[in-house]
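The structure appears right after this line, and notes come after that.
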Amino acid sequence: MYDHVIDKNIFPTFVCSCIPQIDMMEVLEEVYQTQLDYKTENLSNEGGYHSPKFVGTRFLKLRNVVEEFCNDILQQKDLGLNVQTIEYWCNINKSYNYNVMHSHGRADLIGIYYVQVPPGSGNFVVMRNDGSQYCDLYENRADMLEYITEPEVGRLYVYPGYLWHYVTGNNSEQDRISVSFNILT
Ligand SMILES: [Fe+2]
């Protein structure tokens with residue numbers, strides 16, 4: 001027997017999302033124009049197109065919504081921080097392309113805006129990286145080890161930048177298109 005139980009959740013993480021009030025087709029056109037203007041980089045992407053990083057020269061309406069949304073998140077979570085720098089790039093994953101597990105280094109927040117998401121074109125999966133993968137505590141609770149986002153087209157998702165993540169393969173015949181952001185405070 002026992003009494004006076006205290007049960008608290010500690011160290012939560014989060015994903016916040018919204019639908020930016022911008023013209024998504026304009027972003028789509030800008031992605032394909034960017035592909036014409038710049039050669040691909042080879043980072044976490046296995047195949048597909050990954051543009052160089054931009055800091056204010058392209059996707060300006062979207063970039064400004066990201067700044068507004070992230071500043072609101074930082075304020076609502078009472079973190080006492082403001083957005084200082086946003087760097088971003090666009091991704092085109094073709095059939096069978098995927099992104100291997102990675103994190104974004106120094107970024108405090110990361111954002112992903114989905115421009116085109118054909119059915120079956122891949123999910124965004126966040127993994128816990130606090131050591132919980134190495135014991136059996138959550139072996140019957142897959143949802144405690146990975147968080148899967150089935151991306152909604154036109155939606156911007158923001159996660160803490162320290163989260164490891166990967167993107168499952170594009171099993172559709174069409175391009176899966178997103179714009180990714182590193183947000184520094
Ligand atoms: Fe990423």
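Every chain in the structure tokens takes a letter, A first, then B, and so on in the order presented; its residues are numbered from 1, and the ligands are numbered from 1 following the presented order.
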
May I have the residues within 9 Å of ligand 1, computed using only C-alpha atoms and all ligand atoms, as a list in words?
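Listing the residues within 9 Å of ligand 1 gives Ser44, Asn99, Val100, Met101, His102, Ser103, His104, Ile110, Gly111, Ile112, Phe124, Gly161, Trp164, His165, Tyr166, Val167, Ser180, Phe181 and Asn182 of chain A.
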
Same residues, N, CA and C atoms, saved as a PDB file, in the first residue's frame:
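To be explicit, this is the file written out as selection_30.pdb:
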```pdb
ATOM      1  N   SER A  44      20.872  15.465 -46.672  1.00  0.00           N
ATOM      2  CA  SER A  44      20.135  14.303 -46.151  1.00  0.00           C
ATOM      3  C   SER A  44      19.338  13.607 -47.243  1.00  0.00           C
ATOM      4  N   ASN A  99      14.692  10.874 -47.281  1.00  0.00           N
ATOM      5  CA  ASN A  99      15.716  11.606 -46.530  1.00  0.00           C
ATOM      6  C   ASN A  99      16.145  10.760 -45.342  1.00  0.00           C
ATOM      7  N   VAL A 100      17.438  10.546 -45.202  1.00  0.00           N
ATOM      8  CA  VAL A 100      17.952   9.739 -44.095  1.00  0.00           C
ATOM      9  C   VAL A 100      17.848  10.523 -42.785  1.00  0.00           C
ATOM     10  N   MET A 101      17.999   9.798 -41.675  1.00  0.00           N
ATOM     11  CA  MET A 101      17.867  10.443 -40.373  1.00  0.00           C
ATOM     12  C   MET A 101      18.934  11.520 -40.185  1.00  0.00           C
ATOM     13  N   HIS A 102      18.503  12.661 -39.680  1.00  0.00           N
ATOM     14  CA  HIS A 102      19.438  13.766 -39.480  1.00  0.00           C
ATOM     15  C   HIS A 102      18.834  14.765 -38.500  1.00  0.00           C
ATOM     16  N   SER A 103      19.651  15.680 -38.041  1.00  0.00           N
ATOM     17  CA  SER A 103      19.131  16.837 -37.302  1.00  0.00           C
ATOM     18  C   SER A 103      19.749  18.069 -37.941  1.00  0.00           C
ATOM     19  N   HIS A 104      19.341  19.252 -37.489  1.00  0.00           N
ATOM     20  CA  HIS A 104      19.750  20.470 -38.180  1.00  0.00           C
ATOM     21  C   HIS A 104      20.772  21.282 -37.392  1.00  0.00           C
ATOM     22  N   ILE A 110      12.966  24.210 -36.306  1.00  0.00           N
ATOM     23  CA  ILE A 110      12.971  23.878 -37.732  1.00  0.00           C
ATOM     24  C   ILE A 110      11.532  23.957 -38.235  1.00  0.00           C
ATOM     25  N   GLY A 111      11.398  24.363 -39.478  1.00  0.00           N
ATOM     26  CA  GLY A 111      10.072  24.467 -40.072  1.00  0.00           C
ATOM     27  C   GLY A 111      10.038  23.741 -41.400  1.00  0.00           C
ATOM     28  N   ILE A 112       8.873  23.193 -41.738  1.00  0.00           N
ATOM     29  CA  ILE A 112       8.689  22.562 -43.049  1.00  0.00           C
ATOM     30  C   ILE A 112       7.331  22.980 -43.588  1.00  0.00           C
ATOM     31  N   PHE A 124       6.871  12.437 -42.436  1.00  0.00           N
ATOM     32  CA  PHE A 124       7.955  13.067 -41.674  1.00  0.00           C
ATOM     33  C   PHE A 124       7.967  12.408 -40.289  1.00  0.00           C
ATOM     34  N   GLY A 161      14.486  22.328 -32.951  1.00  0.00           N
ATOM     35  CA  GLY A 161      15.546  21.973 -33.892  1.00  0.00           C
ATOM     36  C   GLY A 161      16.406  20.794 -33.472  1.00  0.00           C
ATOM     37  N   TRP A 164      15.853  14.633 -33.961  1.00  0.00           N
ATOM     38  CA  TRP A 164      16.291  13.845 -35.115  1.00  0.00           C
ATOM     39  C   TRP A 164      15.058  13.440 -35.909  1.00  0.00           C
ATOM     40  N   HIS A 165      15.197  13.431 -37.222  1.00  0.00           N
ATOM     41  CA  HIS A 165      14.032  13.091 -38.042  1.00  0.00           C
ATOM     42  C   HIS A 165      14.467  12.503 -39.374  1.00  0.00           C
ATOM     43  N   TYR A 166      13.523  11.881 -40.039  1.00  0.00           N
ATOM     44  CA  TYR A 166      13.769  11.369 -41.385  1.00  0.00           C
ATOM     45  C   TYR A 166      12.456  11.409 -42.165  1.00  0.00           C
ATOM     46  N   VAL A 167      12.570  11.224 -43.478  1.00  0.00           N
ATOM     47  CA  VAL A 167      11.387  11.225 -44.329  1.00  0.00           C
ATOM     48  C   VAL A 167      11.334   9.896 -45.050  1.00  0.00           C
ATOM     49  N   SER A 180      12.096  23.903 -46.441  1.00  0.00           N
ATOM     50  CA  SER A 180      12.554  23.668 -45.065  1.00  0.00           C
ATOM     51  C   SER A 180      13.239  24.914 -44.513  1.00  0.00           C
ATOM     52  N   PHE A 181      13.121  25.090 -43.210  1.00  0.00           N
ATOM     53  CA  PHE A 181      13.660  26.293 -42.551  1.00  0.00           C
ATOM     54  C   PHE A 181      14.493  25.935 -41.331  1.00  0.00           C
ATOM     55  N   ASN A 182      15.614  26.604 -41.173  1.00  0.00           N
ATOM     56  CA  ASN A 182      16.353  26.593 -39.917  1.00  0.00           C
ATOM     57  C   ASN A 182      16.140  27.953 -39.272  1.00  0.00           C
TER      58      ASN A 182
END
```

For stretch 63-65 of chain A, find every residue with an atom within 8 Å (counting only C-alpha atoms), except residues of its own chain fewer than 5 positions away, and show them as a list of chain:residue names.
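The filter keeps A:Pro20, A:Gly56, A:Ile86.
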
So that I have them on file, write out the residues from the current selection with C-alpha atoms, as a short mmCIF file (atom, residue, chain, number, x, y, z; two decimals), in the first residue's frame.
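Saved as selection37.cif:
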```
data_model
loop_
_atom_site.label_atom_id
_atom_site.label_comp_id
_atom_site.auth_asym_id
_atom_site.auth_seq_id
_atom_site.Cartn_x
_atom_site.Cartn_y
_atom_site.Cartn_z
CA PRO A 20 0.16 30.42 -44.03
CA GLY A 56 16.16 36.32 -47.66
CA ILE A 86 16.10 32.19 -40.88
#
```

Determine the nearest neighbour of A:Phe54 from the options A:Leu28, A:Gln174, A:Glu87, A:Gln35, counting only C-alpha atoms.
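Going through A:Leu28, A:Gln174, A:Glu87, A:Gln35 one by one, the smallest distance to A:Phe54 is for A:Glu87.
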
Gap from atom CA of A:Glu29 to atom CA of A:Leu156 - Å, one decimal:
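Calculated distance between atom CA of A:Glu29 and atom CA of A:Leu156 is 17.8 Å.
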
Would you give me, as a tab-separated table, each residue of stretch 59-159 of chain A having an atom within 12 Å of an atom of stretch 1-18 of chain A, along with its shortest atom pair and that distance in Å to one decimal, using only C-alpha atoms and sorting by chain and residue number?
```
residue	atom	partner	partner_atom	distance
A:Leu62	CA	A:Cys18	CA	12.0
A:Val65	CA	A:Cys18	CA	9.8
A:Val66	CA	A:Cys18	CA	9.7
A:Glu68	CA	A:Cys18	CA	11.3
A:Phe69	CA	A:Cys18	CA	8.1
A:Cys70	CA	A:Cys16	CA	9.2
A:Asp72	CA	A:Cys16	CA	10.6
A:Ile73	CA	A:Cys16	CA	7.8
A:Leu74	CA	A:Cys16	CA	10.9
A:Gln76	CA	A:Cys16	CA	11.2
A:Lys77	CA	A:Phe14	CA	10.3
A:Leu109	CA	A:Val15	CA	10.1
A:Ile110	CA	A:Val15	CA	9.9
A:Gly111	CA	A:Ser17	CA	9.0
A:Ile112	CA	A:Ser17	CA	9.3
A:Tyr113	CA	A:Ser17	CA	9.4
A:Tyr114	CA	A:Cys18	CA	11.2
A:Phe124	CA	A:Val15	CA	11.7
A:Val125	CA	A:Val15	CA	11.7
A:Val126	CA	A:Val15	CA	10.0
A:Met127	CA	A:Thr13	CA	11.3
A:Arg128	CA	A:Thr13	CA	9.6
A:Asn129	CA	A:Thr13	CA	11.5
A:Asp130	CA	A:Phe11	CA	10.1
A:Met144	CA	A:Pro12	CA	11.7
A:Tyr147	CA	A:Val15	CA	9.8
A:Ile148	CA	A:Val15	CA	10.9
A:Thr149	CA	A:Val15	CA	9.5
A:Pro151	CA	A:Ser17	CA	10.4
A:Glu152	CA	A:Ser17	CA	10.0
A:Val153	CA	A:Cys18	CA	11.0
A:Gly154	CA	A:Cys18	CA	8.7
A:Arg155	CA	A:Cys18	CA	5.7
A:Leu156	CA	A:Ser17	CA	5.3
A:Tyr157	CA	A:Ser17	CA	4.3
A:Val158	CA	A:Cys16	CA	5.2
A:Tyr159	CA	A:Val15	CA	4.8
```

Atom CA of A:Tyr49 and atom CA of A:Asn91 are how many Å apart?
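Separating atom CA of A:Tyr49 from atom CA of A:Asn91 is a distance of 5.5 Å.
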
Please, what distance in Å, to one decimal, runs between atom CA of A:Glu67 and atom CA of A:Val115?
18.1 Å

Report as JSON, numbers by chain all protein, DNA and RNA residues lying within 8 Å of A:Asn97, evaluated on only C-alpha atoms, omitting residues in the same chain fewer than 2 positions from it.
{"A": [45, 46, 47, 48, 93, 94, 95, 99, 169, 170]}

Export, as a tab-separated table (two decimals), in the first residue's frame, the selected residues with C-alpha atoms.
```tsv
chain	number	residue	atom	x	y	z
A	45	ASN	CA	18.40	13.67	-49.46
A	46	GLU	CA	18.84	10.37	-51.28
A	47	GLY	CA	18.12	11.49	-54.82
A	48	GLY	CA	15.86	14.38	-55.70
A	93	ASN	CA	11.70	14.31	-53.78
A	94	LYS	CA	10.95	12.26	-56.85
A	95	SER	CA	9.69	8.65	-56.88
A	99	ASN	CA	15.72	11.61	-46.53
A	169	GLY	CA	10.24	7.10	-49.33
A	170	ASN	CA	8.14	8.70	-52.01
```
